[in-house]
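Shown next: my_file_12.csv, given as CSV, C-alpha atoms.
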```csv
chain,number,residue,atom,x,y,z
R,1,MET,CA,-12.1,24.6,37.2
R,2,SER,CA,-9.3,26.2,39.2
R,3,ILE,CA,-5.8,25.0,38.3
R,4,THR,CA,-2.7,25.8,40.2
R,5,LEU,CA,0.7,25.8,38.5
R,6,ARG,CA,4.0,27.5,38.6
R,7,VAL,CA,5.1,29.4,35.5
R,8,ASN,CA,8.7,30.6,35.4
R,9,GLY,CA,8.9,30.4,39.2
R,10,THR,CA,5.7,32.2,40.0
R,11,GLU,CA,2.6,30.4,41.3
R,12,HIS,CA,-0.6,31.0,39.3
R,13,HIS,CA,-4.2,30.0,39.9
R,14,VAL,CA,-6.2,30.0,36.7
R,15,ASP,CA,-9.9,29.4,36.5
R,16,VAL,CA,-10.4,27.9,33.0
R,17,ASP,CA,-11.9,24.9,31.1
R,18,PRO,CA,-9.7,21.9,32.2
R,19,GLU,CA,-9.3,21.0,28.5
R,20,MET,CA,-8.0,24.4,27.5
R,21,PRO,CA,-4.5,23.9,26.1
R,22,LEU,CA,-1.6,25.1,28.2
R,23,LEU,CA,-0.5,27.3,25.4
R,24,TRP,CA,-3.8,29.3,25.5
R,25,VAL,CA,-3.4,29.8,29.2
R,26,LEU,CA,0.2,31.0,28.8
R,27,ARG,CA,-0.7,33.4,26.0
R,28,ASP,CA,-4.2,34.5,26.7
R,29,VAL,CA,-4.5,34.2,30.4
R,30,LEU,CA,-1.0,34.9,31.7
R,31,ASN,CA,0.0,37.1,28.8
R,32,LEU,CA,3.2,35.3,28.2
R,33,THR,CA,3.3,35.6,24.4
R,34,GLY,CA,6.8,34.5,23.7
R,35,THR,CA,5.6,31.0,23.1
R,36,LYS,CA,4.0,30.8,19.7
R,37,TYR,CA,0.9,29.1,18.2
R,38,GLY,CA,2.0,27.4,15.0
R,39,CYS,CA,-0.2,24.4,14.0
R,40,GLY,CA,-2.2,23.5,17.1
R,41,GLU,CA,-1.6,19.8,16.4
R,42,ALA,CA,1.9,19.2,17.9
R,43,LEU,CA,3.4,19.1,14.5
R,44,CYS,CA,5.6,22.2,14.3
R,45,GLY,CA,7.1,22.8,17.7
R,46,ALA,CA,6.5,26.5,17.9
R,47,CYS,CA,4.7,26.1,21.2
R,48,THR,CA,7.5,24.2,23.0
R,49,VAL,CA,7.9,24.7,26.7
R,50,HIS,CA,9.2,22.7,29.6
R,51,VAL,CA,6.8,21.1,32.1
R,52,ASP,CA,8.6,19.7,35.1
R,53,GLY,CA,11.7,19.6,33.0
R,54,HIS,CA,10.2,17.7,30.1
R,55,VAL,CA,10.0,19.3,26.7
R,56,VAL,CA,6.3,19.4,25.7
R,57,ARG,CA,4.1,20.9,23.0
R,58,SER,CA,1.9,23.2,24.9
R,59,CYS,CA,-0.7,23.5,22.2
R,60,VAL,CA,-2.0,20.0,22.8
R,61,MET,CA,-1.5,19.7,26.6
R,62,PRO,CA,-4.8,20.2,28.4
R,63,ILE,CA,-4.3,22.5,31.4
R,64,ARG,CA,-5.7,19.9,33.7
R,65,ARG,CA,-2.5,17.9,33.1
R,66,ALA,CA,-0.4,20.9,34.2
R,67,GLU,CA,-2.0,21.0,37.7
R,68,GLY,CA,0.8,21.2,40.3
R,69,THR,CA,3.6,21.3,37.7
R,70,SER,CA,6.4,23.8,37.1
R,71,VAL,CA,6.3,25.3,33.6
R,72,THR,CA,9.2,27.1,32.0
R,73,THR,CA,8.7,29.3,28.9
R,74,ILE,CA,11.1,31.2,26.8
R,75,GLU,CA,10.5,34.2,29.1
R,76,GLY,CA,11.7,32.1,32.0
R,77,LEU,CA,14.8,30.6,30.4
R,78,SER,CA,16.6,33.7,31.7
R,79,PRO,CA,15.0,36.9,33.0
R,80,ASP,CA,17.1,39.1,30.8
R,81,GLY,CA,17.8,37.0,27.7
R,82,SER,CA,21.3,36.1,29.0
R,83,HIS,CA,20.9,32.3,28.8
R,84,PRO,CA,24.0,31.0,27.0
R,85,LEU,CA,21.7,29.6,24.3
R,86,GLN,CA,20.1,32.9,23.7
R,87,LYS,CA,23.5,34.6,23.5
R,88,ALA,CA,24.7,31.9,21.1
R,89,TRP,CA,21.6,32.5,19.0
R,90,VAL,CA,22.4,36.2,18.8
R,91,GLU,CA,26.1,35.6,18.1
R,92,MET,CA,25.4,33.2,15.3
R,93,GLY,CA,22.5,35.3,13.9
R,94,VAL,CA,20.3,32.3,13.9
R,95,PRO,CA,16.7,33.7,13.5
R,96,GLN,CA,15.3,34.9,10.2
R,97,CYS,CA,11.6,35.6,10.7
R,98,GLY,CA,11.9,34.3,14.3
R,99,PHE,CA,8.5,32.8,14.7
R,100,CYS,CA,9.8,29.3,15.5
R,101,GLN,CA,12.8,30.3,17.5
R,102,ALA,CA,11.3,30.3,21.0
R,103,GLY,CA,10.4,26.6,20.4
R,104,GLN,CA,13.8,25.8,18.9
R,105,ILE,CA,15.6,27.3,21.8
R,106,MET,CA,13.4,25.6,24.4
R,107,THR,CA,14.0,22.2,22.8
R,108,ALA,CA,17.7,22.9,22.5
R,109,ALA,CA,17.8,23.9,26.2
R,110,GLY,CA,16.1,20.6,27.1
R,111,LEU,CA,18.6,18.7,25.0
R,112,LEU,CA,21.7,20.5,26.4
R,113,LYS,CA,20.4,19.9,30.0
R,114,LYS,CA,20.5,16.2,29.3
R,115,PHE,CA,23.5,16.1,26.9
R,116,PRO,CA,25.8,19.1,27.5
R,117,ARG,CA,27.9,18.1,24.4
R,118,PRO,CA,25.4,16.6,22.0
R,119,THR,CA,26.4,14.9,18.7
R,120,ASP,CA,24.9,16.1,15.4
R,121,GLU,CA,22.7,13.0,15.4
R,122,GLN,CA,21.3,13.9,18.9
R,123,ILE,CA,20.7,17.5,17.8
R,124,ASP,CA,18.9,16.3,14.7
R,125,GLN,CA,16.8,13.7,16.5
R,126,SER,CA,15.8,16.1,19.3
R,127,LEU,CA,14.9,19.0,17.2
R,128,ALA,CA,13.2,17.0,14.4
R,129,GLY,CA,9.9,18.2,15.6
R,130,ASN,CA,10.7,21.9,15.5
R,131,LEU,CA,10.1,23.2,12.0
R,132,CYS,CA,11.6,26.4,10.6
R,133,ARG,CA,10.1,27.7,7.4
R,134,CYS,CA,13.1,30.0,6.9
R,135,GLY,CA,15.4,27.0,6.9
R,136,THR,CA,17.7,28.1,9.7
R,137,TYR,CA,18.5,24.5,10.7
R,138,THR,CA,22.2,24.7,10.0
R,139,ARG,CA,22.6,27.8,12.1
R,140,ILE,CA,20.5,26.3,14.9
R,141,ARG,CA,22.9,23.3,15.0
R,142,ALA,CA,25.9,25.5,14.8
R,143,ALA,CA,24.6,27.7,17.7
R,144,ILE,CA,23.9,24.6,19.8
R,145,LYS,CA,27.4,23.2,19.1
R,146,ALA,CA,29.0,26.6,19.9
R,147,MET,CA,27.3,26.8,23.2
R,148,ALA,CA,28.4,23.2,23.9
R,149,GLY,CA,32.0,24.3,23.4
R,150,ASP,CA,32.4,23.0,19.9
R,151,LYS,CA,33.7,25.8,17.7
R,152,SER,CA,33.9,23.7,14.6
V,1,MET,CA,-10.1,-55.2,-11.9
V,2,LYS,CA,-12.5,-57.9,-10.9
V,3,PRO,CA,-16.0,-56.8,-9.8
V,4,ALA,CA,-15.5,-58.2,-6.3
V,5,ARG,CA,-12.2,-56.5,-5.8
V,6,THR,CA,-13.6,-53.2,-7.1
V,7,MET,CA,-16.4,-53.4,-4.5
V,8,TRP,CA,-13.8,-53.8,-1.6
V,9,VAL,CA,-11.8,-50.9,-2.9
V,10,VAL,CA,-14.9,-48.7,-3.0
V,11,LEU,CA,-15.9,-49.8,0.5
V,12,GLY,CA,-12.4,-49.2,1.8
V,13,VAL,CA,-12.4,-45.6,0.4
V,14,LEU,CA,-15.8,-45.0,1.9
V,15,ALA,CA,-14.7,-46.3,5.3
V,16,SER,CA,-11.6,-44.2,5.4
V,17,ALA,CA,-13.6,-41.1,4.3
V,18,CYS,CA,-16.1,-41.7,7.1
V,19,SER,CA,-13.4,-42.2,9.8
V,20,ALA,CA,-11.4,-39.1,8.8
V,21,LYS,CA,-12.0,-35.9,10.7
V,22,ARG,CA,-14.4,-33.7,8.9
V,23,PRO,CA,-13.0,-30.2,8.3
V,24,VAL,CA,-14.2,-27.8,11.0
V,25,THR,CA,-15.9,-24.7,9.8
V,26,LEU,CA,-15.7,-21.7,12.1
V,27,PRO,CA,-18.5,-19.1,11.8
V,28,SER,CA,-17.7,-16.5,9.2
V,29,VAL,CA,-16.6,-13.1,10.4
V,30,ASP,CA,-15.9,-9.8,8.7
V,31,ARG,CA,-12.6,-8.0,9.0
V,32,ASN,CA,-13.9,-5.6,11.7
V,33,HIS,CA,-15.1,-8.2,14.1
V,34,LEU,CA,-13.7,-11.1,16.1
V,35,ARG,CA,-15.3,-14.5,16.6
V,36,GLU,CA,-16.4,-15.3,20.2
V,37,ALA,CA,-14.0,-17.6,22.1
V,38,ALA,CA,-17.0,-20.0,22.5
V,39,ALA,CA,-17.2,-20.4,18.7
V,40,PHE,CA,-14.0,-22.3,18.7
V,41,SER,CA,-15.5,-25.2,20.8
V,42,VAL,CA,-16.4,-26.8,17.4
V,43,ILE,CA,-12.7,-27.8,17.2
V,44,GLU,CA,-12.6,-30.9,19.3
V,45,ASP,CA,-8.8,-31.3,19.5
V,46,GLU,CA,-7.6,-28.9,22.2
V,47,THR,CA,-4.2,-28.3,20.6
V,48,GLU,CA,-5.8,-27.4,17.3
V,49,ARG,CA,-8.4,-25.3,19.1
V,50,SER,CA,-5.6,-23.4,20.9
V,51,ARG,CA,-3.8,-22.8,17.6
V,52,ALA,CA,-7.0,-21.5,16.0
V,53,LEU,CA,-7.6,-19.2,18.9
V,54,PHE,CA,-4.1,-17.7,18.6
V,55,LEU,CA,-4.7,-17.2,14.9
V,56,GLU,CA,-7.9,-15.3,15.7
V,57,ALA,CA,-5.9,-13.2,18.3
V,58,SER,CA,-3.3,-12.5,15.6
V,59,ARG,CA,-5.9,-10.6,13.6
V,60,VAL,CA,-5.7,-8.0,16.3
V,61,LEU,CA,-2.0,-8.2,17.0
V,62,LEU,CA,-1.2,-7.7,13.3
V,63,HIS,CA,-3.7,-4.9,12.8
V,64,PRO,CA,-1.9,-1.6,12.1
V,65,ARG,CA,-3.5,0.0,15.2
V,66,CYS,CA,-1.5,-2.5,17.2
V,67,VAL,CA,1.5,-3.4,15.2
V,68,ASN,CA,2.4,0.2,14.3
V,69,CYS,CA,3.8,0.7,17.8
V,70,HIS,CA,5.6,-2.7,17.8
V,71,PRO,CA,8.1,-1.7,15.1
V,72,SER,CA,11.2,-3.8,14.2
V,73,GLY,CA,13.3,-0.7,14.0
V,74,ASP,CA,13.6,2.5,15.9
V,75,VAL,CA,10.8,4.4,14.3
V,76,PRO,CA,7.1,3.7,15.1
V,77,LEU,CA,4.7,3.6,12.2
V,78,GLN,CA,1.3,5.2,11.6
V,79,GLY,CA,-1.7,4.9,9.5
V,80,MET,CA,-3.3,1.9,7.8
V,81,ASP,CA,-0.4,2.0,5.3
V,82,MET,CA,2.1,1.7,8.1
V,83,ARG,CA,4.2,4.7,7.1
V,84,PRO,CA,6.9,6.0,9.4
V,85,HIS,CA,5.7,8.3,12.2
V,86,ASP,CA,5.6,12.0,11.3
V,87,PRO,CA,7.0,14.1,13.0
V,88,PRO,CA,10.1,11.9,12.7
V,89,VAL,CA,10.5,10.3,16.2
V,90,THR,CA,13.0,7.7,17.3
V,91,ARG,CA,12.6,5.0,19.9
V,92,GLY,CA,15.1,6.4,22.5
V,93,PRO,CA,16.8,4.4,25.3
V,94,GLU,CA,13.6,3.8,27.2
V,95,ASN,CA,11.2,3.3,24.3
V,96,ASN,CA,9.5,6.6,24.9
V,97,GLY,CA,11.4,8.9,22.5
V,98,VAL,CA,14.4,11.1,23.0
V,99,VAL,CA,14.7,14.4,24.8
V,100,GLY,CA,12.7,17.0,22.9
V,101,MET,CA,10.7,14.3,21.1
V,102,GLU,CA,9.4,12.2,24.0
V,103,CYS,CA,6.1,10.4,23.2
V,104,GLY,CA,4.4,12.1,26.1
V,105,GLY,CA,5.5,15.5,24.9
V,106,CYS,CA,2.6,15.3,22.4
V,107,HIS,CA,0.5,12.3,23.1
V,108,GLN,CA,-1.8,12.9,26.1
V,109,ASP,CA,-3.7,10.6,28.4
V,110,ARG,CA,-6.6,10.4,25.9
V,111,ASN,CA,-7.4,11.2,22.3
V,112,LEU,CA,-7.6,14.9,21.4
V,113,ALA,CA,-10.7,15.6,19.4
V,114,HIS,CA,-9.6,18.9,17.9
V,115,ALA,CA,-5.9,18.4,17.4
V,116,ARG,CA,-6.5,14.8,16.4
V,117,VAL,CA,-3.4,13.6,18.3
V,118,PRO,CA,-4.1,10.1,19.5
V,119,GLY,CA,-3.6,9.5,23.2
V,120,ALA,CA,-3.7,7.0,26.1
V,121,PRO,CA,-1.9,6.6,29.4
V,122,ASN,CA,1.8,5.8,29.1
V,123,TRP,CA,2.0,6.2,25.4
V,124,HIS,CA,5.3,4.6,24.2
V,125,VAL,CA,6.8,2.2,21.7
V,126,ALA,CA,7.0,-1.5,22.5
V,127,PRO,CA,10.6,-2.6,23.3
V,128,LEU,CA,12.5,-4.0,20.3
V,129,GLU,CA,12.3,-7.6,21.7
V,130,MET,CA,8.5,-7.2,21.4
V,131,ALA,CA,8.7,-6.2,17.7
V,132,TRP,CA,5.9,-7.7,15.6
V,133,VAL,CA,6.4,-5.9,12.3
V,134,GLY,CA,7.3,-8.4,9.6
V,135,LYS,CA,6.7,-11.5,11.8
V,136,SER,CA,4.4,-14.4,11.4
V,137,PRO,CA,1.7,-15.4,13.8
V,138,ARG,CA,3.8,-18.3,15.0
V,139,GLU,CA,6.8,-16.1,15.6
V,140,ILE,CA,4.7,-13.6,17.6
V,141,CYS,CA,3.1,-16.5,19.5
V,142,GLU,CA,6.5,-17.9,20.5
V,143,GLN,CA,7.6,-14.4,21.4
V,144,LEU,CA,4.5,-13.7,23.6
V,145,LYS,CA,5.2,-16.8,25.6
V,146,ASP,CA,8.9,-16.1,26.2
V,147,PRO,CA,9.4,-14.1,29.4
V,148,LYS,CA,12.7,-12.7,28.0
V,149,ARG,CA,10.7,-11.2,25.1
V,150,ASN,CA,7.4,-10.3,26.8
V,151,GLY,CA,8.5,-8.1,29.6
V,152,GLY,CA,8.8,-10.9,32.1
V,153,LYS,CA,5.1,-11.7,32.0
V,154,SER,CA,3.5,-14.9,33.0
V,155,LEU,CA,0.7,-16.2,30.7
V,156,ALA,CA,-1.8,-15.0,33.3
V,157,GLN,CA,-0.2,-11.5,33.1
V,158,ILE,CA,-0.4,-11.6,29.3
V,159,VAL,CA,-4.1,-12.3,29.5
V,160,GLU,CA,-4.6,-9.4,32.0
V,161,HIS,CA,-2.5,-7.0,29.9
V,162,ASN,CA,-4.4,-7.8,26.7
V,163,ALA,CA,-7.8,-7.7,28.4
V,164,HIS,CA,-7.4,-4.5,30.5
V,165,ASP,CA,-4.3,-2.4,29.7
V,166,LYS,CA,-5.4,1.1,28.6
V,167,LEU,CA,-2.8,1.6,26.0
V,168,VAL,CA,-3.8,-1.8,24.4
V,169,GLY,CA,-7.4,-0.7,24.7
V,170,TRP,CA,-6.7,2.4,22.6
V,171,GLY,CA,-6.6,0.0,19.6
V,172,TRP,CA,-10.3,-0.2,19.8
V,173,GLU,CA,-10.9,3.5,20.5
V,174,PRO,CA,-8.3,5.2,18.3
V,175,GLY,CA,-10.3,8.4,17.7
V,176,HIS,CA,-10.5,10.7,14.7
V,177,GLY,CA,-11.9,8.2,12.2
V,178,ARG,CA,-9.1,5.8,12.5
V,179,GLU,CA,-10.0,2.2,11.9
V,180,PRO,CA,-10.2,0.3,15.2
V,181,ALA,CA,-8.7,-3.2,15.7
V,182,PRO,CA,-11.2,-6.0,15.0
V,183,GLY,CA,-13.8,-6.7,17.7
V,184,THR,CA,-13.6,-5.4,21.2
V,185,GLN,CA,-10.9,-5.5,23.9
V,186,ALA,CA,-13.2,-7.7,26.0
V,187,ARG,CA,-13.6,-10.2,23.2
V,188,PHE,CA,-9.9,-10.1,22.4
V,189,GLY,CA,-9.1,-10.6,26.1
V,190,ALA,CA,-11.5,-13.6,26.2
V,191,ILE,CA,-9.8,-15.2,23.1
V,192,VAL,CA,-6.3,-14.8,24.6
V,193,ALA,CA,-7.6,-16.3,27.9
V,194,ALA,CA,-9.1,-19.2,26.0
V,195,TRP,CA,-5.8,-19.6,24.1
V,196,VAL,CA,-3.9,-19.9,27.4
V,197,ASP,CA,-6.5,-22.2,28.9
V,198,THR,CA,-6.1,-24.6,26.0
V,199,GLY,CA,-2.3,-24.8,26.4
V,200,ALA,CA,-1.2,-21.6,24.6
V,201,GLU,CA,-0.3,-23.6,21.5
V,202,CYS,CA,1.3,-21.8,18.6
V,203,PRO,CA,0.1,-22.2,15.0
V,204,ALA,CA,2.4,-23.8,12.5
V,205,GLU,CA,4.8,-21.6,10.5
V,206,GLY,CA,3.2,-20.3,7.4
V,207,VAL,CA,-0.4,-20.5,8.7
V,208,SER,CA,-2.2,-17.2,8.8
V,209,PRO,CA,-5.7,-16.3,9.8
```
Could you show the structure in this file as structure tokens?
Amino acid sequence: MSITLRVNGTEHHVDVDPEMPLLWVLRDVLNLTGTKYGCGEALCGACTVHVDGHVVRSCVMPIRRAEGTSVTTIEGLSPDGSHPLQKAWVEMGVPQCGFCQAGQIMTAAGLLKKFPRPTDEQIDQSLAGNLCRCGTYTRIRAAIKAMAGDKS
Amino acid sequence: MKPARTMWVVLGVLASACSAKRPVTLPSVDRNHLREAAAFSVIEDETERSRALFLEASRVLLHPRCVNCHPSGDVPLQGMDMRPHDPPVTRGPENNGVVGMECGGCHQDRNLAHARVPGAPNWHVAPLEMAWVGKSPREICEQLKDPKRNGGKSLAQIVEHNAHDKLVGWGWEPGHGREPAPGTQARFGAIVAAWVDTGAECPAEGVSP
């Protein structure tokens, strides 16, 4: 089945099984490996991307549901890694092993788009589905707050 | 007591016993099935029949497959033990989660066989005014009839919703070995329709199926 979708602003036609998860298409077909495979069951958030502006877990989204959509991955957040969130991540030294961080940043970007100055509660609720085995949660929250203009 | 008087007392007791309504016995049913709406025709009194039909419907309404997404707080439940949803999601302003944790960010339009994530169109949590957790059949009955607490639906729309809505229907096809709600959606829809047809009466407080 041929599926047409835009990924990071570029239109793609992919001929795959309609039930193939979007994540597999991104990583194995389009070679966009910034988005990670964690659990495959929408339980860890490593595969988080945006589809038409919504934060979704790409490991469980059949590609048929992405037909005609616009997908943004970590590679598309900014072409050169200069998105304010990415800069805040570097400045605060957020990542440890880094595996979950693309998902963390994509969820944080979705949050900040809706709430430019989120409360701690909003950050905790929105990122509750993004797990970090290294326990970088406090630095993630600090980086989001820093980007939102809260230096505390 | 004189023999003649004793005889009249005995006759009186017998007469009142014969004139009293005999208790109606509905066909037995196991926990995974629903009685047919027609089975309730043995209850002659229409009001009582209507109440009995709602009690039968409440076996579905209060099943974890259904009640888990009608929470009384901001967190949906999951599993037969009705534990809080994991990952930890919250209701959000539109009952479909919060940014980053929207219901549709994980739940698709159908069940996922491999990832085991349950799915149906428009997956969301019932609004707080439609909460069922912790409520009695009577309370839920009154709630269902109240347009302020049923999404502005008429009784005919309640019947249609229960009989054909796909998210409601997920309760009977929950996927991945989950226990379905009792019976079938078609039989449940027929019971709700019969309840409405008999006056949509609510069972007394404290009565459960």
Select, from V:Arg149, V:His33, V:Arg110, V:Arg59, the residue with the minimum atom-to-atom distance to Pro209 (chain V), counting only C-alpha atoms. V:Arg59
Go through chain V residue by residue and, counting all atoms listed in the file, keep those with an atom at most 10 Å from chain R; for each kept residue give the shortest atom pair and its distance in Å to one decimal, ordered by chain and increasing number, as CSV.
```
residue,atom,partner,partner_atom,distance
V:Asp86,CA,R:Leu43,CA,8.1
V:Pro87,CA,R:Gly129,CA,5.7
V:Pro88,CA,R:Ala128,CA,6.2
V:Val89,CA,R:Gln125,CA,7.2
V:Thr90,CA,R:Gln125,CA,7.1
V:Gly92,CA,R:Gln125,CA,9.6
V:Gly97,CA,R:Ser126,CA,9.0
V:Val98,CA,R:Ser126,CA,6.4
V:Val99,CA,R:Leu111,CA,5.8
V:Gly100,CA,R:Ser126,CA,4.8
V:Met101,CA,R:Ser126,CA,5.7
V:Glu102,CA,R:Val55,CA,7.6
V:Cys103,CA,R:Val56,CA,9.3
V:Gly104,CA,R:Val56,CA,7.6
V:Gly105,CA,R:Val56,CA,4.1
V:Cys106,CA,R:Arg57,CA,5.8
V:His107,CA,R:Val60,CA,8.1
V:Gln108,CA,R:Met61,CA,6.8
V:Asp109,CA,R:Arg65,CA,8.8
V:Leu112,CA,R:Val60,CA,7.7
V:His114,CA,R:Glu41,CA,8.2
V:Ala115,CA,R:Glu41,CA,4.6
V:Arg116,CA,R:Glu41,CA,7.0
V:Val117,CA,R:Glu41,CA,6.7
```
Take the selection from the previous step and output its residues with C-alpha atoms, as a CSV table (one decimal), in the coordinates of the input.
```
chain,number,residue,atom,x,y,z
V,86,ASP,CA,5.6,12.0,11.3
V,87,PRO,CA,7.0,14.1,13.0
V,88,PRO,CA,10.1,11.9,12.7
V,89,VAL,CA,10.5,10.3,16.2
V,90,THR,CA,13.0,7.7,17.3
V,92,GLY,CA,15.1,6.4,22.5
V,97,GLY,CA,11.4,8.9,22.5
V,98,VAL,CA,14.4,11.1,23.0
V,99,VAL,CA,14.7,14.4,24.8
V,100,GLY,CA,12.7,17.0,22.9
V,101,MET,CA,10.7,14.3,21.1
V,102,GLU,CA,9.4,12.2,24.0
V,103,CYS,CA,6.1,10.4,23.2
V,104,GLY,CA,4.4,12.1,26.1
V,105,GLY,CA,5.5,15.5,24.9
V,106,CYS,CA,2.6,15.3,22.4
V,107,HIS,CA,0.5,12.3,23.1
V,108,GLN,CA,-1.8,12.9,26.1
V,109,ASP,CA,-3.7,10.6,28.4
V,112,LEU,CA,-7.6,14.9,21.4
V,114,HIS,CA,-9.6,18.9,17.9
V,115,ALA,CA,-5.9,18.4,17.4
V,116,ARG,CA,-6.5,14.8,16.4
V,117,VAL,CA,-3.4,13.6,18.3
```
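Closest approach to Gly171 (chain V) from the set V:Leu144, V:Leu34, V:Ala39, V:Val67 is made by V:Val67, with distances taken over all atoms listed in the file.
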Do you know which residues are at most 12 Å from Leu61 (chain V) counting all atoms listed in the file, after dropping those on the same chain fewer than 4 positions away, and could you put them as a ChimeraX atom specification? /V:54-57,65-70,130-141,144,162,168,171-172,180-183,185,188-189,192,209
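Taking CA of Cys100 (chain R) as the reference point, CA of Lys87 (chain R) is found at 16.7 Å.
Of note, CA of Ser82 (chain R) and CA of Thr4 (chain R) are spaced 28.4 Å apart.
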Would you mind completing region 189-203 of chain V to N, CA and C atoms and writing the output as a compact mmCIF listing (two decimals), in the coordinates of the input?
```
# COMPACT_ATOMS: atom_id res chain seq x y z
N GLY V 189 -9.61 -10.11 24.82
CA GLY V 189 -9.10 -10.60 26.10
C GLY V 189 -9.62 -12.06 26.33
N ALA V 190 -10.88 -12.30 25.98
CA ALA V 190 -11.50 -13.60 26.20
C ALA V 190 -10.80 -14.66 25.26
N ILE V 191 -10.46 -14.24 24.05
CA ILE V 191 -9.80 -15.20 23.10
C ILE V 191 -8.39 -15.50 23.62
N VAL V 192 -7.68 -14.49 24.10
CA VAL V 192 -6.30 -14.80 24.60
C VAL V 192 -6.42 -15.66 25.86
N ALA V 193 -7.43 -15.42 26.70
CA ALA V 193 -7.60 -16.30 27.90
C ALA V 193 -7.90 -17.70 27.47
N ALA V 194 -8.74 -17.88 26.47
CA ALA V 194 -9.10 -19.20 26.00
C ALA V 194 -7.85 -19.91 25.37
N TRP V 195 -7.04 -19.11 24.70
CA TRP V 195 -5.80 -19.60 24.10
C TRP V 195 -4.88 -20.18 25.23
N VAL V 196 -4.76 -19.42 26.31
CA VAL V 196 -3.90 -19.90 27.40
C VAL V 196 -4.55 -21.10 28.08
N ASP V 197 -5.85 -21.08 28.26
CA ASP V 197 -6.50 -22.20 28.90
C ASP V 197 -6.41 -23.51 28.11
N THR V 198 -6.20 -23.38 26.82
CA THR V 198 -6.10 -24.60 26.00
C THR V 198 -4.63 -24.96 25.71
N GLY V 199 -3.74 -24.39 26.51
CA GLY V 199 -2.30 -24.80 26.40
C GLY V 199 -1.43 -23.82 25.71
N ALA V 200 -1.97 -22.69 25.29
CA ALA V 200 -1.20 -21.60 24.60
C ALA V 200 -0.31 -22.23 23.51
N GLU V 201 -0.96 -22.99 22.66
CA GLU V 201 -0.30 -23.60 21.50
C GLU V 201 -0.07 -22.58 20.40
N CYS V 202 1.03 -22.74 19.68
CA CYS V 202 1.30 -21.80 18.60
C CYS V 202 0.95 -22.45 17.22
N PRO V 203 0.41 -21.66 16.31
CA PRO V 203 0.10 -22.20 15.00
C PRO V 203 1.37 -22.57 14.24
```
